[in-house]
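Peer 1: Dropping the structure in here first, questions after.
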Amino acid sequence: MFRCYEIGEDWQPLSNGNPMLFLLACLSKPILSTPTWNRSAEIRLEDSADVPDFSQPGSYDFARSTGKEKVHETCMMRYAFYQTEKSDSVLVILSHGFARNTGHMRKWAEHLASWGFTVLTPQHCHLNPSDVNPSLAAQELLTLSQKLDFRRVIYAGQSNGGAISIIAGAQDPKAIAVVGFDTTESYKKPTGEYAKSISIPVYGLLGEPSGCNAQGNGRSLYKDIAEVYTYRLKTSDHCDFESPSGGLC
């Protein structure tokens with residue numbers, strides 16, 4: 001597992017207050033990687049005893065529970081909730097991709113909760129073959145965020161869940177960052193206008209182009225975002241960004 005430092009005026013280890021830590025914590029297995037950061041970020045791989053090994057579980061205890069909330073007249077949203085013992089925790093709303101479910105985000109949620117994040121994994125009502133509406137899915141996340149007692153929210157998601165996170169993050173005043181795991185835009189392409197207007201940092205982990213991620217079409221969204229950081233994981237396919245994966249993958 002590699003360790004990362006951010007390059008600024010001085011060398012600074014990435015801290016708990018930086019949403020970049022969220023990206024690093026998600027890298028839970030060694031992957032051959034090629035840094036292709038665009039625009040405003042530069043990263044150098046560096047071994048150091050000062051940076052925790054984020055591939056290992058963190059030290060925080062957490063409890064898993066389930067719930068449901070009516071977020072739209074057509075959607076009673078079910079979700080899994082990973083509540084950490086850490087006070088004033090950031091809430092990560094971690095979305096699955098198209099035709100997937102909360103189970104495909106379970107290991108990510110457990111790993112992040114062990115590092116002090118509180119994580120909610122929603123079961124989307126409008127990300128399935130018979131009902132595809134990313135804009136409505138994002139609006140339902142906003143409704144859910146308003147109902148929850150958290151001051152800071154990170155929207156994150158895999159595949160089309162990453163695109164939904166951009167839409168929600170652009171509109172939620174509590175949002176502090178967006179993270180996409182091989183973000184994929186849907187065929188209706190609703191996300192572009194929100195990418196142009198989003199004002200918080202957006203981070204993107206990128207897999208290799210394939211049919212599963214529409215030949216990497218989510219990458220084009222990052223070109224219009226003001227503060228964006230992307231990182232290509234060489235040899236990783238779309239399914240590597242689920243944990244656990246299964247089914248069609």
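To be explicit about the labels: the chains of the structure tokens are called A, B, and onward in the order shown, and within each one the residues are counted from 1, while ligands get numbers from 1 in the order they are shown.
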Determine which residues of region 2-247 of chain A DSSP labels as strand (DSSP E) from the backbone of this structure, then write them out as a ChimeraX atom specification.

Peer 2: /A:4-7,11-13,43-45,62-72,75-84,91-95,118-123,127-128,131-132,153-158,175-181,202-206,228-232

Peer 1: Kindly provide the residues of region 152-185 of chain A that approach region 127-136 of chain A to within 8 Å, each paired with its closest atom pair and their distance in Å to one decimal, based on only C-alpha atoms, listed by chain and increasing number, as a tab-separated table.

Peer 2:
residue	atom	partner	partner_atom	distance
A:Asn160	CA	A:Pro134	CA	7.7
A:Ala163	CA	A:Pro134	CA	7.8
A:Ile164	CA	A:Pro134	CA	5.8
A:Ile167	CA	A:Ser135	CA	7.1

Peer 1: Contacts of Tyr79 (chain A) at 10 Å or less, counting only C-alpha atoms, minus same-chain residues fewer than 4 places along, as a PyMOL selection string?

Peer 2: chain A and resi 65-69+101-102+120-124

Peer 1: Go ahead and save the picked residues with N, CA and C atoms, as a PDB file, in the first residue's frame.

Peer 2:
ATOM      1  N   SER A  65     -27.135  -0.002  11.471  1.00  0.00           N
ATOM      2  CA  SER A  65     -28.581  -0.105  11.616  1.00  0.00           C
ATOM      3  C   SER A  65     -29.219   0.135  10.259  1.00  0.00           C
ATOM      4  N   THR A  66     -30.486  -0.111  10.141  1.00  0.00           N
ATOM      5  CA  THR A  66     -31.208   0.140   8.899  1.00  0.00           C
ATOM      6  C   THR A  66     -32.402   1.034   9.181  1.00  0.00           C
ATOM      7  N   GLY A  67     -32.867   1.701   8.158  1.00  0.00           N
ATOM      8  CA  GLY A  67     -34.015   2.570   8.309  1.00  0.00           C
ATOM      9  C   GLY A  67     -34.661   2.830   6.969  1.00  0.00           C
ATOM     10  N   LYS A  68     -35.683   3.639   6.981  1.00  0.00           N
ATOM     11  CA  LYS A  68     -36.351   4.047   5.755  1.00  0.00           C
ATOM     12  C   LYS A  68     -36.955   5.423   5.963  1.00  0.00           C
ATOM     13  N   GLU A  69     -37.056   6.172   4.903  1.00  0.00           N
ATOM     14  CA  GLU A  69     -37.553   7.539   4.967  1.00  0.00           C
ATOM     15  C   GLU A  69     -38.287   7.847   3.664  1.00  0.00           C
ATOM     16  N   ASN A 101     -27.169  -2.173  -5.484  1.00  0.00           N
ATOM     17  CA  ASN A 101     -27.865  -1.949  -4.222  1.00  0.00           C
ATOM     18  C   ASN A 101     -26.880  -1.603  -3.112  1.00  0.00           C
ATOM     19  N   THR A 102     -27.415  -1.370  -1.926  1.00  0.00           N
ATOM     20  CA  THR A 102     -26.566  -0.942  -0.803  1.00  0.00           C
ATOM     21  C   THR A 102     -25.513  -1.983  -0.444  1.00  0.00           C
ATOM     22  N   LEU A 120     -23.921   6.611   5.400  1.00  0.00           N
ATOM     23  CA  LEU A 120     -25.266   6.179   5.042  1.00  0.00           C
ATOM     24  C   LEU A 120     -25.236   5.671   3.607  1.00  0.00           C
ATOM     25  N   THR A 121     -25.714   4.451   3.398  1.00  0.00           N
ATOM     26  CA  THR A 121     -25.778   3.890   2.044  1.00  0.00           C
ATOM     27  C   THR A 121     -27.251   3.768   1.640  1.00  0.00           C
ATOM     28  N   PRO A 122     -27.723   4.620   0.721  1.00  0.00           N
ATOM     29  CA  PRO A 122     -29.128   4.612   0.336  1.00  0.00           C
ATOM     30  C   PRO A 122     -29.425   3.571  -0.742  1.00  0.00           C
ATOM     31  N   GLN A 123     -30.632   3.022  -0.701  1.00  0.00           N
ATOM     32  CA  GLN A 123     -31.139   2.178  -1.787  1.00  0.00           C
ATOM     33  C   GLN A 123     -31.960   3.077  -2.702  1.00  0.00           C
ATOM     34  N   HIS A 124     -31.400   3.423  -3.845  1.00  0.00           N
ATOM     35  CA  HIS A 124     -32.053   4.390  -4.727  1.00  0.00           C
ATOM     36  C   HIS A 124     -33.288   3.803  -5.403  1.00  0.00           C
TER      37      HIS A 124
END

Peer 1: When you look at Tyr203 (chain A) with a cut-off of 7 Å (counting only C-alpha atoms), what residues show up, excluding the ones that are within fewer than 5 positions of it in the same chain? I need them as a PyMOL selection string.

Peer 2: chain A and resi 178-180+228-230

Peer 1: In region 39-173 of chain A, what's helix (DSSP H, G or I) per DSSP? Answer as number ranges by chain?

Peer 2: A: 102-114, 134-147, 160-169

Peer 1: Smallest atom-to-atom distance to Ser197 (chain A): which of A:Thr84, A:Ser220, A:Gln171, A:Thr74, using only C-alpha atoms?

Peer 2: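 Among A:Thr84, A:Ser220, A:Gln171, A:Thr74, it is A:Gln171 that comes nearest to Ser197 (chain A).
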
Peer 1: Contacts between region 206-213 of chain A and region 56-133 of chain A, please, where a residue of region 56-133 of chain A counts if it comes within 12 Å (with only C-alpha atoms); show its shortest atom pair and distance in Å to one decimal, rows by chain and ascending number, as a tab-separated table.

Peer 2:
residue	atom	partner	partner_atom	distance
A:Gly97	CA	A:Asn213	CA	10.3
A:Phe98	CA	A:Cys212	CA	10.3
A:Ala99	CA	A:Cys212	CA	11.9

Peer 1: Would you mind listing what lies within 10 Å of Phe150 (chain A) as a list in words, with only C-alpha atoms counted and same-chain residues fewer than 6 positions away left out?

Peer 2: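 Those residues are Asp88, Ser89, Val90, Leu91, Thr118 and Lys174 of chain A.
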
Peer 1: For the atom pair CA of Ser159 (chain A) and CA of Ser145 (chain A), what is the interatomic distance in Å to one decimal place?

Peer 2: 20.7 Å

Peer 1: With only C-alpha atoms as the counted atoms, please give the residues lying no more than 9 Å from Ile198 (chain A), apart from itself and same-chain residues fewer than 3 positions off, as a list in words.

Peer 2: Ile166, Ile167, Gly169, Ala170, Gln171, Glu193, Tyr194, Ala195, Pro201, Val202, Ile225, Ala226 and Glu227 of chain A

Peer 1: Determine, counting only C-alpha atoms, which protein, DNA and RNA residues have an atom within 9 Å of an atom of Ser59 (chain A); residues of the same chain fewer than 4 positions away are not included. Present the result as a list in words.

Peer 2: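 After dropping sequence-adjacent residues, the list is Ser114, Trp115 and Gly116 of chain A.
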
Peer 1: For N, CA and C atoms, I'd like the residues from the last selection saved as a JSON list (two decimals), in the first residue's frame.

Peer 2:
[["chain", "number", "residue", "atom", "x", "y", "z"],
["A", 114, "SER", "N", -14.82, 2.82, 10.29],
["A", 114, "SER", "CA", -13.74, 2.47, 11.22],
["A", 114, "SER", "C", -12.70, 3.59, 11.33],
["A", 115, "TRP", "N", -12.70, 4.52, 10.35],
["A", 115, "TRP", "CA", -11.80, 5.67, 10.39],
["A", 115, "TRP", "C", -12.49, 6.93, 10.89],
["A", 116, "GLY", "N", -13.71, 6.80, 11.40],
["A", 116, "GLY", "CA", -14.36, 7.92, 12.06],
["A", 116, "GLY", "C", -15.44, 8.62, 11.27]]

Peer 1: Report, in Å to a single decimal, how far apart CA of Gln83 (chain A) and CA of Ala109 (chain A) are.

Peer 2: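 Computed distance, CA of Ala109 (chain A) to CA of Gln83 (chain A), equals 10.1 Å.
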
Peer 1: Just how far from CA of Ile154 (chain A) is CA of Tyr231 (chain A), in Å to one decimal?

Peer 2: 18.2 Å
